[in-house]
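What follows is one structure encoded as structure tokens, with my remarks underneath.
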Amino acid sequence: MRGIEYDNSEKSQSILYNRIGFALADLYKAKAIIRTKRAVYKITDDGLSLLNEYGDQLTTDILQEQTEYVAYMKELESRNIKSDKDSEDILQGNLNMNNLEEQEDPQETVERLINKRNNEVEIELLNKLRETDPIFFEKLVIKLLNTMGYSGNNGNVHVTTQSNDGGIDGIINQDPLGTSRVYLQVKRYAEKCSRTPGHSRLL
């Protein structure tokens, strides 16, 4: 009887891809690289500093000691704790409603993994928005408000020109005639800073 033959090259390739993926994830958490677009990465000033200091001796342990990496993990832990609490509340409500006596551990595990990944995506999205061009950010926020229905059924939204706009970044006409208007001023504040001139923070 002939045994099953495995393609070792495919297995080695899969391991290589996984290791590259883990390395990129750690570098991103330490803000040594940024994602400019899908599957494209760019080294940051912090990344260049690490490269100059450690060269090919840079390890995961060193990355995990970086301030940005520590901050990322704290934020992720905080979100995960909140997600677990919300999931427990929902699950407890279901148990009470259905008079069940046992929790389904596999389901709980899957939900926790999904929540963890969602939280990672949320952090990466916030980081990306903080890095975007201010004009792009203004357009994004105004488009989001429009998608959320602030313009009403027949209204419209438009972004003002960048010069002589009087500080107004967008206008929402909540009816076709424009008799009911909402004027928008988009501000982006830096994380954990006070709202003083020159600072920016996500709305």
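Within each chain, counting starts at residue 1; across the structure tokens, chains are named A, B, ... in the order shown, with ligands numbered 1 upward in that order.
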TODO: Please provide as a count of residues only all residues within 6 Å of range 67-74 of chain A, with the sequence filter that same-chain residues fewer than 3 positions apart are discarded (counting only C-alpha atoms).
DONE: 4
Open item on the list: Please determine, counting only C-alpha atoms, which residue among A:Lys143, A:Lys128, A:Lys42, A:Arg117 has the shortest atom-to-atom distance to Arg79 in chain A.
Closed with: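 Answer, going by the shortest atom-to-atom distance: A:Arg117.
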Open item on the list: So that I can check the surroundings of range 169-174 of chain A, please list as a ChimeraX atom specification every protein, DNA and RNA residue that reaches within 6 Å of it, counting only C-alpha atoms and ignoring chain neighbours fewer than 4 positions away.
Closed with: /A:151-152,155-160,178,180-185
Task: For CA of Glu120 in chain A and CA of Thr59 in chain A, the interatomic separation in Å (one decimal) - done: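 Separation between CA of Glu120 in chain A and CA of Thr59 in chain A: 21.8 Å.
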Task: Exercise: Asp45 in chain A partners within 12 Å, only C-alpha atoms, chain neighbours under 4 positions left out, as a PyMOL selection string - done: chain A and resi 30-34+49-52
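Of the listed residues A:Val141, A:Leu27, A:Ile81, A:Leu76, the one whose atoms come nearest to Asn119 in chain A is A:Leu76, with distances taken using only C-alpha atoms.
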- [ ] Would you mind telling me which residue in A:Asp46, A:Asp84, A:Glu53, A:Glu131 lies nearest to Glu111 in chain A when using only C-alpha atoms?
- [x]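 Among the listed residues, A:Asp84 lies closest to Glu111 in chain A.
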- [ ] Pick out the closest residue to Arg35 in chain A from this set: A:Gly167, A:Thr179, A:Pro134, A:Leu129. Count only C-alpha atoms.
- [x]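 For Arg35 in chain A, the nearest of the given residues is A:Leu129.
Nearest to Lys187 in chain A of all the residues A:Thr161, A:Leu48, A:Gln107, A:Ile142 is A:Ile142, based on only C-alpha atoms.
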TODO: Report the residues of range 13-142 of chain A whose backbone DSSP state falls under alpha helix (DSSP H), written as a PyMOL selection string.
DONE: chain A and resi 13-29+45-54+60-64+67-98+105-131+134-142
Open item on the list: Just to confirm, what's the straight-line distance from CA of Asn80 in chain A to CA of Leu113 in chain A in Å (one decimal)?
Closed with: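 Computing it gives 9.6 Å between the two atoms.
Across the model, the gap from CA of Leu58 in chain A to CA of Asp26 in chain A is 11.4 Å.
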Open item on the list: Just checking: using only C-alpha atoms, which residue out of A:Gln13, A:Gln66, A:Asn118, A:Thr132 ends up closest to Lys37 in chain A?
Closed with: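 The shortest atom-to-atom distance to Lys37 in chain A comes from A:Thr132.
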Task: Expected answer as a list in words: strand (DSSP E or B) residues in range 10-150 of chain A - done: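 So the strand (DSSP E or B) residues in range 10-150 of chain A would be Ile33, Ile34, Arg35, Thr36, Lys37, Val40, Tyr41, Lys42 and Ile43 of chain A.
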